[in-house]
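Raw contents of upload-v7.txt, compact mmCIF, C-alpha atoms:
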```txt
# COMPACT_ATOMS: atom_id res chain seq x y z
CA ALA F 1 185.24 -167.58 -26.38
CA GLY F 2 186.28 -165.97 -29.67
CA ALA F 3 186.26 -162.35 -30.82
CA ILE F 4 183.79 -161.38 -33.55
CA ASN F 5 184.08 -157.97 -35.29
CA GLY F 6 186.26 -156.71 -32.45
CA VAL F 7 183.77 -157.69 -29.74
CA ARG F 8 184.63 -160.64 -27.53
CA ALA F 9 181.71 -163.02 -27.16
CA LYS F 10 180.76 -164.41 -23.75
CA PRO F 11 181.27 -168.15 -23.30
CA SER F 12 177.51 -168.69 -23.11
CA THR F 13 176.76 -166.66 -26.24
CA LYS F 14 175.60 -168.73 -29.18
CA ILE F 15 176.64 -167.22 -32.50
CA THR F 16 174.34 -168.16 -35.37
CA MET F 17 175.68 -167.44 -38.86
CA LYS F 18 173.61 -167.63 -42.03
CA PRO F 19 174.56 -170.62 -44.15
CA LYS F 20 176.71 -169.77 -47.15
CA GLU F 21 174.03 -171.23 -49.42
CA GLU F 22 171.41 -168.81 -48.00
CA ILE F 23 173.65 -165.80 -48.59
CA ASN F 24 174.39 -166.91 -52.15
CA THR F 25 170.67 -167.40 -52.81
CA ALA F 26 169.91 -163.87 -51.61
CA ARG F 27 172.60 -162.46 -53.89
CA LYS F 28 171.29 -164.43 -56.84
CA THR F 29 167.76 -163.15 -56.16
CA GLN F 30 168.98 -159.55 -56.24
CA LEU F 31 170.90 -160.22 -59.45
CA ASN F 32 167.92 -161.91 -61.08
CA GLU F 33 165.66 -158.95 -60.25
CA ARG F 34 168.18 -156.65 -61.91
CA GLN F 35 168.37 -158.89 -64.98
CA VAL F 36 164.59 -158.99 -65.24
CA ALA F 37 164.45 -155.18 -65.20
CA VAL F 38 167.03 -154.94 -67.96
CA ALA F 39 165.36 -157.66 -70.02
CA GLU F 40 161.92 -156.06 -69.66
CA SER F 41 163.29 -152.67 -70.66
CA ALA F 42 164.52 -154.12 -73.95
CA LYS F 43 160.95 -155.20 -74.80
CA VAL F 44 159.60 -151.67 -74.62
CA LYS F 45 160.54 -150.97 -78.20
CA GLY F 46 161.52 -153.61 -80.74
CA PRO F 47 163.33 -156.94 -80.31
CA ARG F 48 166.38 -157.42 -78.17
CA ARG F 49 169.66 -157.21 -80.04
CA ASN F 50 171.62 -159.07 -77.42
CA PRO F 51 169.88 -162.41 -76.77
CA GLU F 52 173.20 -163.99 -75.74
CA ARG F 53 173.49 -161.45 -72.90
CA LEU F 54 177.02 -160.50 -73.87
CA PRO F 55 178.74 -157.68 -71.96
CA TYR F 56 177.67 -154.23 -73.16
CA GLY F 57 181.01 -153.45 -74.78
CA LYS F 58 181.01 -156.63 -76.87
CA VAL F 59 177.75 -155.91 -78.69
CA THR F 60 177.86 -154.08 -82.02
CA ARG F 61 175.07 -151.50 -82.23
CA PRO F 62 174.00 -149.33 -85.18
CA THR F 63 174.49 -146.07 -83.29
CA ASP F 64 177.80 -144.79 -81.96
CA VAL F 65 176.77 -143.42 -78.55
CA VAL F 66 178.86 -141.54 -76.02
CA THR F 67 177.13 -141.35 -72.65
CA ILE F 68 178.07 -138.60 -70.20
CA GLY F 69 176.71 -138.52 -66.67
CA ASP F 70 176.14 -135.69 -64.18
CA LEU F 71 178.25 -132.68 -65.17
CA HIS F 72 177.06 -130.22 -62.51
CA GLY F 73 178.42 -127.07 -64.09
CA ASP F 74 181.83 -128.55 -64.87
CA LEU F 75 182.44 -127.26 -68.40
CA ASN F 76 186.08 -128.38 -68.31
CA ALA F 77 185.06 -131.99 -67.65
CA PHE F 78 182.63 -131.84 -70.57
CA GLU F 79 185.32 -130.48 -72.90
CA ALA F 80 187.72 -133.20 -71.74
CA SER F 81 185.15 -135.89 -72.54
CA LEU F 82 184.55 -134.44 -76.00
CA LYS F 83 188.26 -134.49 -76.78
CA LYS F 84 188.82 -137.94 -75.29
CA PHE F 85 186.30 -139.46 -77.69
CA ASN F 86 187.49 -137.37 -80.67
CA LEU F 87 184.19 -135.52 -80.96
CA VAL F 88 185.78 -132.06 -81.32
CA ASP F 89 189.01 -130.80 -82.83
CA ALA F 90 191.74 -128.75 -81.14
CA GLU F 91 189.64 -125.61 -81.57
CA GLY F 92 186.54 -127.19 -80.05
CA LYS F 93 184.64 -127.60 -83.33
CA TRP F 94 182.42 -130.65 -83.77
CA ILE F 95 184.04 -133.45 -85.78
CA GLY F 96 182.00 -136.31 -84.32
CA GLY F 97 180.03 -136.94 -87.50
CA SER F 98 177.09 -139.27 -86.83
CA ALA F 99 178.09 -140.01 -83.22
CA LYS F 100 175.39 -139.37 -80.66
CA ILE F 101 175.85 -137.94 -77.16
CA VAL F 102 173.38 -138.87 -74.42
CA GLN F 103 173.91 -136.69 -71.36
CA THR F 104 171.91 -138.25 -68.56
CA GLY F 105 170.93 -135.13 -66.63
CA ASP F 106 172.11 -132.77 -63.88
CA ILE F 107 174.07 -130.28 -65.96
CA PHE F 108 173.17 -127.52 -63.48
CA ASP F 109 174.30 -126.79 -59.90
CA ARG F 110 177.43 -127.18 -57.78
CA GLY F 111 180.05 -126.37 -60.42
CA PRO F 112 181.29 -122.96 -61.56
CA ASN F 113 179.80 -122.85 -65.07
CA SER F 114 176.29 -124.27 -65.39
CA LEU F 115 175.19 -121.52 -67.78
CA GLY F 116 178.31 -121.88 -69.90
CA LEU F 117 177.75 -125.63 -70.09
CA ALA F 118 174.18 -125.16 -71.33
CA LYS F 119 175.41 -122.64 -73.90
CA ARG F 120 178.17 -125.01 -75.09
CA ILE F 121 175.71 -127.83 -75.70
CA GLN F 122 173.55 -125.49 -77.78
CA GLU F 123 176.61 -124.36 -79.77
CA LEU F 124 177.57 -127.95 -80.57
CA ARG F 125 174.03 -128.68 -81.75
CA LYS F 126 174.25 -125.76 -84.17
CA GLN F 127 177.45 -127.32 -85.52
CA GLY F 128 175.59 -130.55 -86.24
CA ALA F 129 176.09 -132.51 -83.04
CA ASP F 130 173.32 -134.95 -82.09
CA ILE F 131 172.96 -134.42 -78.34
CA ASP F 132 170.14 -135.62 -76.11
CA VAL F 133 170.01 -134.22 -72.57
CA LEU F 134 167.87 -135.86 -69.91
CA PHE F 135 166.04 -133.97 -67.17
CA GLY F 136 167.74 -134.60 -63.83
CA ASN F 137 166.57 -133.97 -60.29
CA HIS F 138 168.67 -130.80 -60.07
CA GLU F 139 166.93 -129.33 -63.12
CA ASP F 140 163.64 -130.36 -61.58
CA MET F 141 164.32 -128.62 -58.24
CA MET F 142 165.66 -125.49 -59.92
CA ILE F 143 162.75 -125.02 -62.33
CA ARG F 144 160.03 -125.85 -59.80
CA GLY F 145 161.68 -123.54 -57.28
CA LEU F 146 161.95 -120.66 -59.74
CA LEU F 147 158.30 -121.12 -60.72
CA GLY F 148 157.04 -120.76 -57.16
CA ASP F 149 157.34 -124.14 -55.42
CA ARG F 150 158.73 -123.05 -52.05
CA ASP F 151 159.66 -126.56 -50.91
CA ALA F 152 161.59 -127.21 -54.12
CA LEU F 153 163.27 -123.81 -53.84
CA THR F 154 164.35 -124.52 -50.27
CA ALA F 155 165.71 -127.94 -51.22
CA TRP F 156 167.54 -126.50 -54.21
CA MET F 157 169.06 -123.48 -52.49
CA PHE F 158 169.96 -124.95 -49.09
CA THR F 159 170.39 -128.70 -49.60
CA ASN F 160 171.70 -129.30 -53.09
CA ASN F 161 174.18 -126.45 -53.57
CA PRO F 162 173.28 -124.57 -56.76
CA GLY F 163 176.77 -123.11 -56.89
CA GLU F 164 178.08 -119.55 -56.64
CA GLU F 165 177.29 -118.72 -60.27
CA LEU F 166 173.57 -119.44 -59.99
CA VAL F 167 173.30 -117.95 -56.51
CA ARG F 168 174.74 -114.67 -57.79
CA ALA F 169 172.29 -114.66 -60.69
CA PHE F 170 169.33 -115.57 -58.45
CA GLY F 171 168.56 -112.02 -57.30
CA LYS F 172 165.99 -111.34 -54.61
CA ASP F 173 163.29 -113.82 -55.56
CA GLY F 174 164.67 -115.86 -58.46
CA SER F 175 163.00 -113.80 -61.18
CA GLU F 176 166.36 -112.44 -62.34
CA LEU F 177 167.78 -115.93 -62.81
CA LEU F 178 164.64 -117.05 -64.63
CA LYS F 179 164.98 -114.10 -67.02
CA LEU F 180 168.64 -114.95 -67.58
CA LEU F 181 167.83 -118.60 -68.35
CA LYS F 182 165.36 -117.42 -70.98
CA LYS F 183 167.68 -114.78 -72.41
CA ASP F 184 170.82 -116.90 -72.82
CA GLY F 185 169.06 -119.95 -74.27
CA SER F 186 169.36 -122.20 -71.23
CA MET F 187 165.58 -122.45 -70.94
CA ASP F 188 165.38 -123.61 -74.56
CA LEU F 189 167.77 -126.42 -73.67
CA ILE F 190 165.69 -127.34 -70.62
CA ARG F 191 162.48 -127.40 -72.69
CA ASP F 192 164.19 -129.77 -75.10
CA MET F 193 165.25 -132.21 -72.38
CA LYS F 194 163.75 -135.68 -72.15
CA LEU F 195 162.77 -137.80 -69.20
CA ILE F 196 163.87 -141.03 -70.84
CA GLN F 197 165.53 -142.04 -74.08
CA GLN F 198 166.14 -145.25 -75.98
CA VAL F 199 168.89 -145.67 -78.55
CA ASP F 200 169.02 -149.06 -80.23
CA ASP F 201 168.46 -151.60 -77.42
CA VAL F 202 169.70 -149.35 -74.60
CA LEU F 203 167.42 -147.40 -72.29
CA TYR F 204 168.78 -144.19 -70.76
CA VAL F 205 167.36 -142.61 -67.60
CA HIS F 206 168.60 -140.29 -64.89
CA ALA F 207 169.53 -142.33 -61.82
CA GLU F 208 168.63 -146.02 -61.71
CA LEU F 209 166.61 -148.35 -63.91
CA SER F 210 163.95 -150.15 -61.85
CA ARG F 211 161.34 -152.80 -62.54
CA ASP F 212 158.59 -150.21 -61.99
CA LEU F 213 159.86 -148.15 -64.92
CA VAL F 214 158.83 -150.56 -67.66
CA PRO F 215 155.11 -150.76 -66.69
CA PHE F 216 155.16 -146.97 -66.30
CA ILE F 217 156.48 -146.56 -69.85
CA LYS F 218 153.96 -148.98 -71.31
CA SER F 219 150.99 -147.38 -69.55
CA ASN F 220 151.92 -143.82 -70.54
CA GLY F 221 152.20 -143.99 -74.30
CA GLY F 222 155.69 -145.38 -74.51
CA ILE F 223 158.90 -143.37 -74.44
CA ASP F 224 157.66 -140.88 -77.03
CA GLY F 225 154.40 -140.41 -75.15
CA ILE F 226 156.15 -139.74 -71.85
CA ASN F 227 158.53 -137.21 -73.40
CA LYS F 228 155.67 -135.50 -75.24
CA THR F 229 153.66 -135.12 -72.02
CA PHE F 230 156.73 -133.87 -70.20
CA LYS F 231 157.51 -131.27 -72.88
CA ALA F 232 153.92 -130.01 -72.82
CA ALA F 233 154.17 -129.55 -69.04
CA LEU F 234 157.41 -127.59 -69.39
CA ASP F 235 155.96 -125.38 -72.13
CA GLU F 236 153.17 -124.36 -69.77
```

Produce structure tokens that represent the structure in this file.
Amino acid sequence: AGAINGVRAKPSTKITMKPKEEINTARKTQLNERQVAVAESAKVKGPRRNPERLPYGKVTRPTDVVTIGDLHGDLNAFEASLKKFNLVDAEGKWIGGSAKIVQTGDIFDRGPNSLGLAKRIQELRKQGADIDVLFGNHEDMMIRGLLGDRDALTAWMFTNNPGEELVRAFGKDGSELLKLLKKDGSMDLIRDMKLIQQVDDVLYVHAELSRDLVPFIKSNGGIDGINKTFKAALDE
């Protein structure tokens, strides 16, 4: 009897392994589903610009896009990204020209400077930077919690770590933090966030692209329609 995964099999035990062909087929099925989702997303708006399915980095696109993921209050990481891609000078002034930044959500929580990060993005916009910020689940929990959703507030405060900065500003019932978000311009940034964005042939969302997303976009007025509905809900 042989040993399998550290457990010695009894002589009478029959070990049945999946054929290699079956495993490969399963992997191909998962890959094909992913490819279908990406291909369908490109049909949402305009023709595909990459019919040869070349790797992302080998396709020339009209727009120079820098994508930055979850920042979670880490202003230093944001500044480092700006400098790495030559978007700001040594003094932090915007020199990125026509480059576009797509930040894919979750700028708040966990880190030490969520409010400073929101302020910095607004400053760069005033200097001419083209920056789109998507609405992440941390923004969702924070806003719903501050507006009275007790379940969202509990999840935000006790499960997802808003960070010491936001906890200090929270006050007794969250009203103090809400006032601060309005006063320092953070709420303006939140109101300007989008749920989804498309630049050239690339679709940007917070978290993962799924096959269900494309029918959702098509049945809700397209990307512009979804973002318009979302903005109206935030303005309420």

Would you mind reading off the distance between CA of Tyr56 (chain F) and CA of Asp192 (chain F), one decimal, in Å? 28.0 Å

Using all atoms listed in the file: which of F:Leu147, F:Ile196, F:Val205, F:Leu75 has the shortest distance to Leu178 (chain F): F:Leu147

If we count all atoms listed in the file, what is near Met157 (chain F) at a cut-off of 12 Å, once residues fewer than 3 positions away on the same chain are taken out, given as an mmCIF file with C-alpha atoms, in the coordinates of the input?
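Final output, saved to out_25.cif:
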```
data_model
loop_
_atom_site.group_PDB
_atom_site.id
_atom_site.type_symbol
_atom_site.label_atom_id
_atom_site.label_comp_id
_atom_site.auth_asym_id
_atom_site.auth_seq_id
_atom_site.Cartn_x
_atom_site.Cartn_y
_atom_site.Cartn_z
ATOM 1 C CA ASP F 109 174.300 -126.790 -59.900
ATOM 2 C CA ARG F 110 177.430 -127.180 -57.780
ATOM 3 C CA HIS F 138 168.670 -130.800 -60.070
ATOM 4 C CA MET F 141 164.320 -128.620 -58.240
ATOM 5 C CA MET F 142 165.660 -125.490 -59.920
ATOM 6 C CA ILE F 143 162.750 -125.020 -62.330
ATOM 7 C CA ARG F 144 160.030 -125.850 -59.800
ATOM 8 C CA GLY F 145 161.680 -123.540 -57.280
ATOM 9 C CA LEU F 146 161.950 -120.660 -59.740
ATOM 10 C CA ARG F 150 158.730 -123.050 -52.050
ATOM 11 C CA ASP F 151 159.660 -126.560 -50.910
ATOM 12 C CA ALA F 152 161.590 -127.210 -54.120
ATOM 13 C CA LEU F 153 163.270 -123.810 -53.840
ATOM 14 C CA THR F 154 164.350 -124.520 -50.270
ATOM 15 C CA ASN F 160 171.700 -129.300 -53.090
ATOM 16 C CA ASN F 161 174.180 -126.450 -53.570
ATOM 17 C CA PRO F 162 173.280 -124.570 -56.760
ATOM 18 C CA GLY F 163 176.770 -123.110 -56.890
ATOM 19 C CA GLU F 164 178.080 -119.550 -56.640
ATOM 20 C CA LEU F 166 173.570 -119.440 -59.990
ATOM 21 C CA VAL F 167 173.300 -117.950 -56.510
ATOM 22 C CA ARG F 168 174.740 -114.670 -57.790
ATOM 23 C CA PHE F 170 169.330 -115.570 -58.450
ATOM 24 C CA ASP F 173 163.290 -113.820 -55.560
ATOM 25 C CA GLY F 174 164.670 -115.860 -58.460
#
```

Distance of CA of Glu165 (chain F) from CA of Leu180 (chain F), expressed in Å to one decimal place: 11.9 Å

Give me, please, the distance in Å between CA of Asp89 (chain F) and CA of Pro112 (chain F), quoted to one decimal.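 Going from CA of Asp89 (chain F) over to CA of Pro112 (chain F), I get 23.9 Å.
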
Once you add 5 Å to each side, what are the centre and edge lengths of the axis-aligned box holding all listed atoms of region 153-170 of chain F? One decimal in Å, as JSON, if you can.
```
{"center_x": 170.7, "center_y": -122.0, "center_z": -54.9, "size_x": 24.8, "size_y": 24.6, "size_z": 21.6}
```

Which residue out of F:Arg211, F:Lys100, F:His206, F:Lys194 has the minimum interatomic distance to Ile226 (chain F) when all atoms listed in the file are used?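 The closest residue to Ile226 (chain F) is F:Lys194.
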